[in-house]
$ cat start.txt   # compact mmCIF, N, CA and C atoms
# COMPACT_ATOMS: atom_id res chain seq x y z
N ALA A 1 -228.29 6.01 105.67
CA ALA A 1 -228.43 5.57 104.30
C ALA A 1 -227.20 4.77 103.86
N PHE A 2 -226.02 5.23 104.26
CA PHE A 2 -224.78 4.55 103.89
C PHE A 2 -224.77 3.12 104.44
N VAL A 3 -225.11 2.97 105.71
CA VAL A 3 -225.12 1.64 106.33
C VAL A 3 -226.10 0.73 105.62
N ALA A 4 -227.28 1.24 105.34
CA ALA A 4 -228.30 0.43 104.66
C ALA A 4 -227.86 0.06 103.24
N ALA A 5 -227.27 1.01 102.54
CA ALA A 5 -226.89 0.79 101.14
C ALA A 5 -225.70 -0.16 101.00
N THR A 6 -224.79 -0.14 101.97
CA THR A 6 -223.56 -0.94 101.83
C THR A 6 -223.58 -2.23 102.62
N GLY A 7 -224.39 -2.30 103.65
CA GLY A 7 -224.42 -3.50 104.48
C GLY A 7 -223.17 -3.67 105.33
N VAL A 8 -222.50 -2.59 105.67
CA VAL A 8 -221.28 -2.68 106.48
C VAL A 8 -221.57 -3.31 107.84
N ASP A 9 -220.57 -3.98 108.40
CA ASP A 9 -220.71 -4.62 109.71
C ASP A 9 -220.42 -3.65 110.86
N ALA A 10 -219.69 -2.61 110.57
CA ALA A 10 -219.32 -1.60 111.57
C ALA A 10 -219.07 -0.30 110.82
N LEU A 11 -219.16 0.81 111.54
CA LEU A 11 -219.01 2.11 110.89
C LEU A 11 -217.99 2.96 111.64
N ALA A 12 -216.87 3.28 110.97
CA ALA A 12 -215.88 4.19 111.53
C ALA A 12 -216.34 5.61 111.24
N VAL A 13 -216.38 6.41 112.30
CA VAL A 13 -216.94 7.75 112.16
C VAL A 13 -215.93 8.81 112.57
N ALA A 14 -216.05 10.00 111.98
CA ALA A 14 -215.19 11.13 112.30
C ALA A 14 -215.90 11.98 113.36
N VAL A 15 -215.36 11.92 114.59
CA VAL A 15 -215.99 12.67 115.69
C VAL A 15 -214.98 13.47 116.50
N GLY A 16 -213.80 13.75 115.89
CA GLY A 16 -212.82 14.61 116.55
C GLY A 16 -211.42 14.04 116.70
N THR A 17 -211.16 12.87 116.14
CA THR A 17 -209.83 12.28 116.24
C THR A 17 -209.16 12.24 114.88
N SER A 18 -207.87 11.94 114.88
CA SER A 18 -207.15 11.68 113.64
C SER A 18 -206.09 10.62 113.92
N HIS A 19 -205.66 9.93 112.88
CA HIS A 19 -204.69 8.86 113.04
C HIS A 19 -203.34 9.38 113.50
N ALA A 20 -202.62 8.51 114.19
CA ALA A 20 -201.22 8.71 114.58
C ALA A 20 -201.00 9.89 115.52
N MET A 21 -201.99 10.22 116.33
CA MET A 21 -201.81 11.30 117.31
C MET A 21 -200.87 10.83 118.41
N LEU A 22 -199.90 11.66 118.77
CA LEU A 22 -198.97 11.33 119.84
C LEU A 22 -199.34 12.03 121.14
N THR A 23 -200.19 13.03 121.06
CA THR A 23 -200.69 13.70 122.26
C THR A 23 -202.13 13.28 122.47
N ARG A 24 -202.57 13.28 123.71
CA ARG A 24 -203.91 12.80 124.04
C ARG A 24 -204.83 13.98 124.33
N ASN A 25 -204.98 14.86 123.35
CA ASN A 25 -205.76 16.08 123.54
C ASN A 25 -206.88 16.27 122.51
N ALA A 26 -207.29 15.20 121.85
CA ALA A 26 -208.40 15.30 120.89
C ALA A 26 -209.68 15.66 121.63
N GLU A 27 -210.54 16.41 120.98
CA GLU A 27 -211.82 16.79 121.55
C GLU A 27 -212.93 16.09 120.77
N LEU A 28 -213.66 15.23 121.45
CA LEU A 28 -214.69 14.42 120.79
C LEU A 28 -216.05 15.11 120.83
N ASP A 29 -216.85 14.82 119.82
CA ASP A 29 -218.22 15.32 119.73
C ASP A 29 -219.15 14.23 120.26
N TYR A 30 -219.43 14.27 121.56
CA TYR A 30 -220.24 13.24 122.20
C TYR A 30 -221.68 13.25 121.70
N GLU A 31 -222.21 14.42 121.42
CA GLU A 31 -223.59 14.50 120.90
C GLU A 31 -223.69 13.79 119.56
N LEU A 32 -222.68 13.95 118.72
CA LEU A 32 -222.68 13.28 117.43
C LEU A 32 -222.56 11.76 117.61
N ILE A 33 -221.71 11.33 118.53
CA ILE A 33 -221.58 9.89 118.79
C ILE A 33 -222.94 9.32 119.20
N ALA A 34 -223.61 9.98 120.13
CA ALA A 34 -224.91 9.51 120.61
C ALA A 34 -225.94 9.49 119.49
N ALA A 35 -225.94 10.53 118.64
CA ALA A 35 -226.89 10.59 117.53
C ALA A 35 -226.62 9.47 116.52
N LEU A 36 -225.35 9.22 116.23
CA LEU A 36 -225.00 8.14 115.31
C LEU A 36 -225.37 6.78 115.90
N ARG A 37 -225.14 6.60 117.19
CA ARG A 37 -225.49 5.34 117.84
C ARG A 37 -226.98 5.07 117.71
N THR A 38 -227.79 6.12 117.82
CA THR A 38 -229.24 5.99 117.68
C THR A 38 -229.64 5.73 116.23
N ALA A 39 -228.90 6.30 115.30
CA ALA A 39 -229.29 6.28 113.89
C ALA A 39 -228.89 5.01 113.14
N VAL A 40 -227.82 4.34 113.58
CA VAL A 40 -227.34 3.19 112.82
C VAL A 40 -227.37 1.92 113.65
N PRO A 41 -227.66 0.78 113.01
CA PRO A 41 -227.79 -0.48 113.74
C PRO A 41 -226.47 -1.26 113.87
N VAL A 42 -225.36 -0.68 113.46
CA VAL A 42 -224.08 -1.38 113.51
C VAL A 42 -223.16 -0.73 114.54
N PRO A 43 -222.17 -1.46 115.02
CA PRO A 43 -221.22 -0.89 115.98
C PRO A 43 -220.47 0.30 115.40
N LEU A 44 -220.19 1.28 116.26
CA LEU A 44 -219.41 2.45 115.87
C LEU A 44 -217.95 2.22 116.23
N VAL A 45 -217.06 2.66 115.33
CA VAL A 45 -215.62 2.47 115.50
C VAL A 45 -214.96 3.84 115.60
N LEU A 46 -214.08 3.99 116.59
CA LEU A 46 -213.33 5.23 116.77
C LEU A 46 -211.88 4.99 116.37
N HIS A 47 -211.48 5.52 115.22
CA HIS A 47 -210.08 5.49 114.81
C HIS A 47 -209.37 6.69 115.43
N GLY A 48 -208.07 6.60 115.57
CA GLY A 48 -207.31 7.72 116.11
C GLY A 48 -207.49 7.90 117.61
N SER A 49 -207.85 6.85 118.29
CA SER A 49 -208.13 6.94 119.72
C SER A 49 -206.89 7.17 120.57
N SER A 50 -205.72 7.01 120.00
CA SER A 50 -204.49 7.29 120.74
C SER A 50 -204.43 8.75 121.17
N GLY A 51 -205.13 9.60 120.48
CA GLY A 51 -205.15 11.02 120.80
C GLY A 51 -206.22 11.42 121.81
N VAL A 52 -206.86 10.43 122.43
CA VAL A 52 -207.98 10.70 123.34
C VAL A 52 -207.59 10.27 124.75
N SER A 53 -207.86 11.11 125.72
CA SER A 53 -207.56 10.78 127.11
C SER A 53 -208.41 9.61 127.59
N ASP A 54 -207.98 8.97 128.67
CA ASP A 54 -208.75 7.86 129.24
C ASP A 54 -210.17 8.30 129.57
N ALA A 55 -210.31 9.44 130.22
CA ALA A 55 -211.65 9.92 130.62
C ALA A 55 -212.53 10.16 129.40
N ASP A 56 -211.96 10.72 128.34
CA ASP A 56 -212.74 10.99 127.14
C ASP A 56 -213.07 9.69 126.38
N LEU A 57 -212.17 8.71 126.42
CA LEU A 57 -212.49 7.41 125.81
C LEU A 57 -213.67 6.77 126.53
N LEU A 58 -213.66 6.83 127.84
CA LEU A 58 -214.77 6.27 128.62
C LEU A 58 -216.06 6.99 128.29
N GLU A 59 -216.00 8.29 128.14
CA GLU A 59 -217.20 9.06 127.78
C GLU A 59 -217.69 8.69 126.39
N ALA A 60 -216.77 8.45 125.47
CA ALA A 60 -217.16 8.03 124.11
C ALA A 60 -217.87 6.68 124.16
N VAL A 61 -217.37 5.77 124.97
CA VAL A 61 -218.02 4.46 125.12
C VAL A 61 -219.41 4.64 125.73
N ARG A 62 -219.50 5.48 126.71
CA ARG A 62 -220.81 5.73 127.35
C ARG A 62 -221.82 6.31 126.37
N HIS A 63 -221.33 7.07 125.40
CA HIS A 63 -222.22 7.67 124.40
C HIS A 63 -222.51 6.75 123.22
N GLY A 64 -221.88 5.56 123.18
CA GLY A 64 -222.24 4.61 122.15
C GLY A 64 -221.11 4.09 121.28
N MET A 65 -219.89 4.53 121.51
CA MET A 65 -218.77 4.03 120.72
C MET A 65 -218.51 2.58 121.15
N THR A 66 -218.32 1.69 120.16
CA THR A 66 -218.19 0.27 120.44
C THR A 66 -216.76 -0.24 120.33
N LYS A 67 -216.05 0.18 119.29
CA LYS A 67 -214.69 -0.33 119.05
C LYS A 67 -213.72 0.85 119.11
N ILE A 68 -212.68 0.69 119.89
CA ILE A 68 -211.70 1.75 120.09
C ILE A 68 -210.36 1.29 119.52
N ASN A 69 -209.82 2.02 118.54
CA ASN A 69 -208.54 1.68 117.93
C ASN A 69 -207.46 2.59 118.53
N ILE A 70 -206.45 1.97 119.15
CA ILE A 70 -205.42 2.74 119.86
C ILE A 70 -204.01 2.31 119.48
N SER A 71 -203.77 2.02 118.24
CA SER A 71 -202.49 1.47 117.80
C SER A 71 -201.31 2.37 118.13
N THR A 72 -201.37 3.65 117.83
CA THR A 72 -200.23 4.54 118.06
C THR A 72 -199.86 4.56 119.54
N HIS A 73 -200.86 4.62 120.41
CA HIS A 73 -200.61 4.63 121.85
C HIS A 73 -199.90 3.35 122.29
N LEU A 74 -200.35 2.20 121.79
CA LEU A 74 -199.72 0.94 122.14
C LEU A 74 -198.34 0.79 121.50
N ASN A 75 -198.20 1.27 120.27
CA ASN A 75 -196.88 1.26 119.63
C ASN A 75 -195.89 2.09 120.44
N ASN A 76 -196.36 3.22 120.96
CA ASN A 76 -195.51 4.08 121.77
C ASN A 76 -195.09 3.37 123.06
N ALA A 77 -196.02 2.68 123.71
CA ALA A 77 -195.69 1.94 124.93
C ALA A 77 -194.65 0.86 124.63
N PHE A 78 -194.82 0.15 123.51
CA PHE A 78 -193.89 -0.90 123.11
C PHE A 78 -192.50 -0.31 122.86
N THR A 79 -192.44 0.73 122.05
CA THR A 79 -191.17 1.32 121.67
C THR A 79 -190.44 1.93 122.87
N THR A 80 -191.18 2.58 123.74
CA THR A 80 -190.57 3.16 124.94
C THR A 80 -189.95 2.08 125.81
N ALA A 81 -190.65 0.96 125.99
CA ALA A 81 -190.11 -0.13 126.80
C ALA A 81 -188.85 -0.71 126.19
N VAL A 82 -188.82 -0.88 124.88
CA VAL A 82 -187.62 -1.39 124.21
C VAL A 82 -186.48 -0.39 124.35
N ARG A 83 -186.78 0.89 124.15
CA ARG A 83 -185.74 1.93 124.29
C ARG A 83 -185.18 1.97 125.71
N ASP A 84 -186.04 1.76 126.70
CA ASP A 84 -185.58 1.75 128.09
C ASP A 84 -184.78 0.49 128.41
N TYR A 85 -185.14 -0.62 127.83
CA TYR A 85 -184.49 -1.89 128.11
C TYR A 85 -183.05 -1.92 127.58
N LEU A 86 -182.85 -1.48 126.38
CA LEU A 86 -181.55 -1.65 125.73
C LEU A 86 -180.40 -0.93 126.46
N PRO A 87 -180.52 0.32 126.86
CA PRO A 87 -179.41 0.95 127.59
C PRO A 87 -179.18 0.32 128.97
N ALA A 88 -180.24 -0.18 129.57
CA ALA A 88 -180.10 -0.82 130.89
C ALA A 88 -179.48 -2.21 130.80
N HIS A 89 -179.47 -2.79 129.60
CA HIS A 89 -178.92 -4.12 129.36
C HIS A 89 -178.06 -4.09 128.10
N PRO A 90 -176.94 -3.38 128.13
CA PRO A 90 -176.16 -3.12 126.91
C PRO A 90 -175.55 -4.35 126.27
N THR A 91 -175.44 -5.45 126.97
CA THR A 91 -174.85 -6.65 126.36
C THR A 91 -175.90 -7.58 125.76
N THR A 92 -177.17 -7.24 125.89
CA THR A 92 -178.24 -8.09 125.35
C THR A 92 -178.21 -8.06 123.83
N VAL A 93 -178.19 -9.25 123.24
CA VAL A 93 -178.26 -9.36 121.78
C VAL A 93 -179.45 -10.22 121.35
N ASP A 94 -180.11 -10.83 122.29
CA ASP A 94 -181.24 -11.70 122.01
C ASP A 94 -182.52 -10.85 121.91
N PRO A 95 -183.11 -10.72 120.72
CA PRO A 95 -184.29 -9.86 120.58
C PRO A 95 -185.48 -10.33 121.42
N ARG A 96 -185.50 -11.60 121.80
CA ARG A 96 -186.60 -12.06 122.65
C ARG A 96 -186.59 -11.34 123.98
N LYS A 97 -185.43 -10.90 124.42
CA LYS A 97 -185.33 -10.18 125.70
C LYS A 97 -185.93 -8.79 125.58
N TYR A 98 -185.45 -7.99 124.61
CA TYR A 98 -185.96 -6.62 124.55
C TYR A 98 -187.34 -6.53 123.92
N LEU A 99 -187.66 -7.46 123.02
CA LEU A 99 -189.02 -7.47 122.49
C LEU A 99 -190.01 -7.92 123.56
N GLY A 100 -189.55 -8.78 124.46
CA GLY A 100 -190.38 -9.18 125.59
C GLY A 100 -190.73 -8.00 126.48
N ALA A 101 -189.80 -7.09 126.65
CA ALA A 101 -190.08 -5.88 127.44
C ALA A 101 -191.17 -5.06 126.76
N GLY A 102 -191.10 -4.96 125.45
CA GLY A 102 -192.14 -4.25 124.71
C GLY A 102 -193.49 -4.93 124.82
N ARG A 103 -193.48 -6.25 124.66
CA ARG A 103 -194.72 -7.03 124.78
C ARG A 103 -195.34 -6.86 126.16
N ASP A 104 -194.50 -6.91 127.19
CA ASP A 104 -195.00 -6.75 128.56
C ASP A 104 -195.60 -5.37 128.78
N ALA A 105 -194.99 -4.35 128.19
CA ALA A 105 -195.52 -3.00 128.32
C ALA A 105 -196.88 -2.87 127.64
N VAL A 106 -197.03 -3.47 126.47
CA VAL A 106 -198.31 -3.44 125.76
C VAL A 106 -199.36 -4.22 126.55
N THR A 107 -198.98 -5.37 127.07
CA THR A 107 -199.91 -6.16 127.87
C THR A 107 -200.41 -5.36 129.07
N ALA A 108 -199.51 -4.69 129.75
CA ALA A 108 -199.89 -3.89 130.92
C ALA A 108 -200.81 -2.74 130.52
N GLU A 109 -200.52 -2.09 129.41
CA GLU A 109 -201.34 -0.95 129.00
C GLU A 109 -202.71 -1.39 128.50
N VAL A 110 -202.78 -2.49 127.77
CA VAL A 110 -204.07 -3.00 127.32
C VAL A 110 -204.92 -3.40 128.53
N THR A 111 -204.31 -4.07 129.48
CA THR A 111 -205.02 -4.46 130.70
C THR A 111 -205.54 -3.24 131.44
N ARG A 112 -204.71 -2.21 131.56
CA ARG A 112 -205.11 -0.97 132.22
C ARG A 112 -206.27 -0.31 131.49
N LEU A 113 -206.16 -0.20 130.18
CA LEU A 113 -207.21 0.46 129.40
C LEU A 113 -208.52 -0.33 129.43
N LEU A 114 -208.43 -1.64 129.32
CA LEU A 114 -209.66 -2.44 129.37
C LEU A 114 -210.36 -2.27 130.71
N GLY A 115 -209.59 -2.24 131.78
CA GLY A 115 -210.19 -2.00 133.09
C GLY A 115 -210.78 -0.61 133.20
N ARG A 116 -210.12 0.35 132.61
CA ARG A 116 -210.59 1.74 132.66
C ARG A 116 -211.83 1.95 131.81
N LEU A 117 -211.91 1.24 130.69
CA LEU A 117 -213.00 1.48 129.74
C LEU A 117 -214.21 0.59 129.95
N SER A 118 -214.18 -0.24 130.93
CA SER A 118 -215.32 -1.11 131.19
C SER A 118 -216.46 -0.25 131.75
N VAL A 119 -217.46 0.02 130.91
CA VAL A 119 -218.56 0.90 131.29
C VAL A 119 -219.30 0.34 132.49
N SER A 120 -219.48 -0.96 132.55
CA SER A 120 -220.22 -1.54 133.66
C SER A 120 -219.50 -1.31 134.99
N GLN A 121 -218.18 -1.25 134.95
CA GLN A 121 -217.40 -1.01 136.16
C GLN A 121 -217.31 0.47 136.50
N ASN A 122 -217.45 1.33 135.50
CA ASN A 122 -217.24 2.76 135.69
C ASN A 122 -218.53 3.56 135.58
N ALA A 123 -219.67 2.93 135.52
CA ALA A 123 -220.93 3.64 135.32
C ALA A 123 -221.29 4.52 136.50

$ encode --input "start.txt" --output "structure tokens"
Amino acid sequence: AFVAATGVDALAVAVGTSHAMLTRNAELDYELIAALRTAVPVPLVLHGSSGVSDADLLEAVRHGMTKINISTHLNNAFTTAVRDYLPAHPTTVDPRKYLGAGRDAVTAEVTRLLGRLSVSQNA
């Protein structure tokens, strides 16, 4: 009813995650994801996906989740790379150097996750 009444393009649903999780131990309700996928004609969005393991993210996609938001996880990868870079290069003052390390870490993690979450490859 909400989707029909509002005309939303996508629907973020609460199925066991929360924002800004630093541990990957969220427990998802796959039956609810599948039921929602059947019930609504718009893509489903999972917020708080940083708290979900790779295997559970793949299972969520298999059950009908369309968009996965993983900002905290990627922010953590970026920050860790910058923190590791600076002590190893104590004379660096050019932010392009240490921010590049963060960018490279995010690129590697996004590439890894996209490969892991490709349902057609993992079916």

$ closest_residue --input "start.txt" --among "A:Leu44, A:Asp29, A:Leu22, A:Arg96" --to "His73 in chain A" --atoms "only N, CA and C atoms"
A:Leu22

$ select_by_dssp --input "start.txt" --residues "range 9-78 of chain A" --states "strand (DSSP E or B)" --output "ChimeraX atom specification"
/A:11-12,44-46,65-68

$ write_last_selection --input "start.txt" --atoms "N, CA and C atoms" --output "PDB file, in the coordinates of the input"
ATOM      1  N   LEU A  11    -219.160   0.810 111.540  1.00  0.00           N
ATOM      2  CA  LEU A  11    -219.010   2.110 110.890  1.00  0.00           C
ATOM      3  C   LEU A  11    -217.990   2.960 111.640  1.00  0.00           C
ATOM      4  N   ALA A  12    -216.870   3.280 110.970  1.00  0.00           N
ATOM      5  CA  ALA A  12    -215.880   4.190 111.530  1.00  0.00           C
ATOM      6  C   ALA A  12    -216.340   5.610 111.240  1.00  0.00           C
ATOM      7  N   LEU A  44    -220.190   1.280 116.260  1.00  0.00           N
ATOM      8  CA  LEU A  44    -219.410   2.450 115.870  1.00  0.00           C
ATOM      9  C   LEU A  44    -217.950   2.220 116.230  1.00  0.00           C
ATOM     10  N   VAL A  45    -217.060   2.660 115.330  1.00  0.00           N
ATOM     11  CA  VAL A  45    -215.620   2.470 115.500  1.00  0.00           C
ATOM     12  C   VAL A  45    -214.960   3.840 115.600  1.00  0.00           C
ATOM     13  N   LEU A  46    -214.080   3.990 116.590  1.00  0.00           N
ATOM     14  CA  LEU A  46    -213.330   5.230 116.770  1.00  0.00           C
ATOM     15  C   LEU A  46    -211.880   4.990 116.370  1.00  0.00           C
ATOM     16  N   MET A  65    -219.890   4.530 121.510  1.00  0.00           N
ATOM     17  CA  MET A  65    -218.770   4.030 120.720  1.00  0.00           C
ATOM     18  C   MET A  65    -218.510   2.580 121.150  1.00  0.00           C
ATOM     19  N   THR A  66    -218.320   1.690 120.160  1.00  0.00           N
ATOM     20  CA  THR A  66    -218.190   0.270 120.440  1.00  0.00           C
ATOM     21  C   THR A  66    -216.760  -0.240 120.330  1.00  0.00           C
ATOM     22  N   LYS A  67    -216.050   0.180 119.290  1.00  0.00           N
ATOM     23  CA  LYS A  67    -214.690  -0.330 119.050  1.00  0.00           C
ATOM     24  C   LYS A  67    -213.720   0.850 119.110  1.00  0.00           C
ATOM     25  N   ILE A  68    -212.680   0.690 119.890  1.00  0.00           N
ATOM     26  CA  ILE A  68    -211.700   1.750 120.090  1.00  0.00           C
ATOM     27  C   ILE A  68    -210.360   1.290 119.520  1.00  0.00           C
TER      28      ILE A  68
END

$ atom_distance --input "start.txt" --atom1 "CA of Ile33 in chain A" --atom2 "CA of Ala77 in chain A"
27.8 Å

$ closest_residue --input "start.txt" --among "A:Leu117, A:Ala101, A:Ala81, A:Val93" --to "Arg62 in chain A" --atoms "all atoms listed in the file"
A:Leu117

$ atom_distance --input "start.txt" --atom1 "atom C of Ala10 in chain A" --atom2 "atom C of Val45 in chain A"
7.5 Å

$ closest_residue --input "start.txt" --among "A:Leu57, A:Ala26, A:Leu86, A:Leu11" --to "Ala39 in chain A" --atoms "only C-alpha atoms"
A:Leu11

$ atom_distance --input "start.txt" --atom1 "atom N of Leu36 in chain A" --atom2 "atom N of Val61 in chain A"
12.3 Å

$ residues_around --input "start.txt" --residues "Ala14 in chain A" --least-positions-apart "2" --cutoff "9 Å" --atoms "only C-alpha atoms" --output "ChimeraX atom specification"
/A:12,16-18,46-47

$ residues_around --input "start.txt" --residues "His63 in chain A" --least-positions-apart "2" --cutoff "8 Å" --atoms "only C-alpha atoms" --output "list in words"
Tyr30, Glu31, Ile33, Ala34, Arg37, Glu59, Ala60, Val61 and Met65 of chain A

$ residues_around --input "start.txt" --residues "Val3 in chain A" --least-positions-apart "3" --cutoff "8 Å" --atoms "only C-alpha atoms" --output "list in words"
Thr6, Gly7, Val8, Leu11, Val40 and Val42 of chain A

$ write_last_selection --input "start.txt" --atoms "N, CA and C atoms" --output "mmCIF file, in the frame of the given file"
data_model
loop_
_atom_site.group_PDB
_atom_site.id
_atom_site.type_symbol
_atom_site.label_atom_id
_atom_site.label_comp_id
_atom_site.auth_asym_id
_atom_site.auth_seq_id
_atom_site.Cartn_x
_atom_site.Cartn_y
_atom_site.Cartn_z
ATOM 1 N N THR A 6 -224.790 -0.140 101.970
ATOM 2 C CA THR A 6 -223.560 -0.940 101.830
ATOM 3 C C THR A 6 -223.580 -2.230 102.620
ATOM 4 N N GLY A 7 -224.390 -2.300 103.650
ATOM 5 C CA GLY A 7 -224.420 -3.500 104.480
ATOM 6 C C GLY A 7 -223.170 -3.670 105.330
ATOM 7 N N VAL A 8 -222.500 -2.590 105.670
ATOM 8 C CA VAL A 8 -221.280 -2.680 106.480
ATOM 9 C C VAL A 8 -221.570 -3.310 107.840
ATOM 10 N N LEU A 11 -219.160 0.810 111.540
ATOM 11 C CA LEU A 11 -219.010 2.110 110.890
ATOM 12 C C LEU A 11 -217.990 2.960 111.640
ATOM 13 N N VAL A 40 -227.820 4.340 113.580
ATOM 14 C CA VAL A 40 -227.340 3.190 112.820
ATOM 15 C C VAL A 40 -227.370 1.920 113.650
ATOM 16 N N VAL A 42 -225.360 -0.680 113.460
ATOM 17 C CA VAL A 42 -224.080 -1.380 113.510
ATOM 18 C C VAL A 42 -223.160 -0.730 114.540
#

$ residues_around --input "start.txt" --residues "Pro95 in chain A" --least-positions-apart "5" --cutoff "12 Å" --atoms "only C-alpha atoms" --output "ChimeraX atom specification"
/A:82,85-86,89,100-103

$ closest_residue --input "start.txt" --among "A:Ile70, A:Ala4, A:Ala88, A:Val110" --to "Pro41 in chain A" --atoms "all atoms listed in the file"
A:Ala4

$ closest_residue --input "start.txt" --among "A:Asn69, A:Asn76, A:Ser118, A:Asn25" --to "Gly51 in chain A" --atoms "only C-alpha atoms"
A:Asn25

$ select_by_dssp --input "start.txt" --residues "range 55-121 of chain A" --states "alpha helix (DSSP H)" --output "VMD selection string"
chain A and resid 55 to 62 71 to 88 95 to 117 119 to 121

$ axis_aligned_box --input "start.txt" --around "range 25-40 of chain A" --padding-each-side "4 Å" --output "lines of an AutoDock Vina configuration file"
center_x = -217.3
center_y = 9.4
center_z = 118.2
size_x = 32.7
size_y = 22.9
size_z = 18.7

$ closest_residue --input "start.txt" --among "A:Gly64, A:Thr79, A:Leu99, A:Thr92" --to "Ala35 in chain A" --atoms "only N, CA and C atoms"
A:Gly64

$ decode --input "start.txt" --residues "range 77-89 of chain A" --atoms "N, CA, C and O atoms" --output "CSV table (one decimal), in the first residue's frame"
chain,number,residue,atom,x,y,z
A,77,ALA,N,37.5,0.7,5.4
A,77,ALA,CA,38.6,0.3,4.5
A,77,ALA,C,39.5,1.5,4.1
A,77,ALA,O,40.7,1.5,4.2
A,78,PHE,N,38.8,2.7,3.8
A,78,PHE,CA,39.5,3.9,3.5
A,78,PHE,C,40.4,4.4,4.6
A,78,PHE,O,41.6,4.6,4.5
A,79,THR,N,39.8,4.5,5.8
A,79,THR,CA,40.4,5.0,7.0
A,79,THR,C,41.6,4.1,7.4
A,79,THR,O,42.7,4.6,7.8
A,80,THR,N,41.4,2.8,7.4
A,80,THR,CA,42.4,1.9,7.7
A,80,THR,C,43.6,2.1,6.8
A,80,THR,O,44.8,2.1,7.3
A,81,ALA,N,43.4,2.2,5.5
A,81,ALA,CA,44.5,2.3,4.6
A,81,ALA,C,45.3,3.6,4.8
A,81,ALA,O,46.5,3.7,4.7
A,82,VAL,N,44.6,4.7,5.1
A,82,VAL,CA,45.2,6.0,5.4
A,82,VAL,C,46.0,5.9,6.7
A,82,VAL,O,47.2,6.3,6.7
A,83,ARG,N,45.4,5.3,7.7
A,83,ARG,CA,46.1,5.1,9.0
A,83,ARG,C,47.4,4.2,8.8
A,83,ARG,O,48.4,4.5,9.5
A,84,ASP,N,47.3,3.2,7.9
A,84,ASP,CA,48.5,2.4,7.7
A,84,ASP,C,49.6,3.1,6.9
A,84,ASP,O,50.8,2.9,7.1
A,85,TYR,N,49.1,3.9,6.0
A,85,TYR,CA,50.1,4.6,5.1
A,85,TYR,C,50.9,5.7,5.8
A,85,TYR,O,52.1,5.8,5.6
A,86,LEU,N,50.3,6.4,6.7
A,86,LEU,CA,51.0,7.6,7.3
A,86,LEU,C,52.2,7.2,8.2
A,86,LEU,O,53.3,7.7,8.0
A,87,PRO,N,52.1,6.2,9.0
A,87,PRO,CA,53.3,5.8,9.8
A,87,PRO,C,54.4,5.2,9.0
A,87,PRO,O,55.5,5.3,9.3
A,88,ALA,N,54.0,4.5,7.9
A,88,ALA,CA,54.9,3.9,7.0
A,88,ALA,C,55.7,4.9,6.1
A,88,ALA,O,56.7,4.6,5.5
A,89,HIS,N,55.1,6.1,6.0
A,89,HIS,CA,55.6,7.2,5.2
A,89,HIS,C,55.6,8.5,6.0
A,89,HIS,O,54.8,9.4,5.6
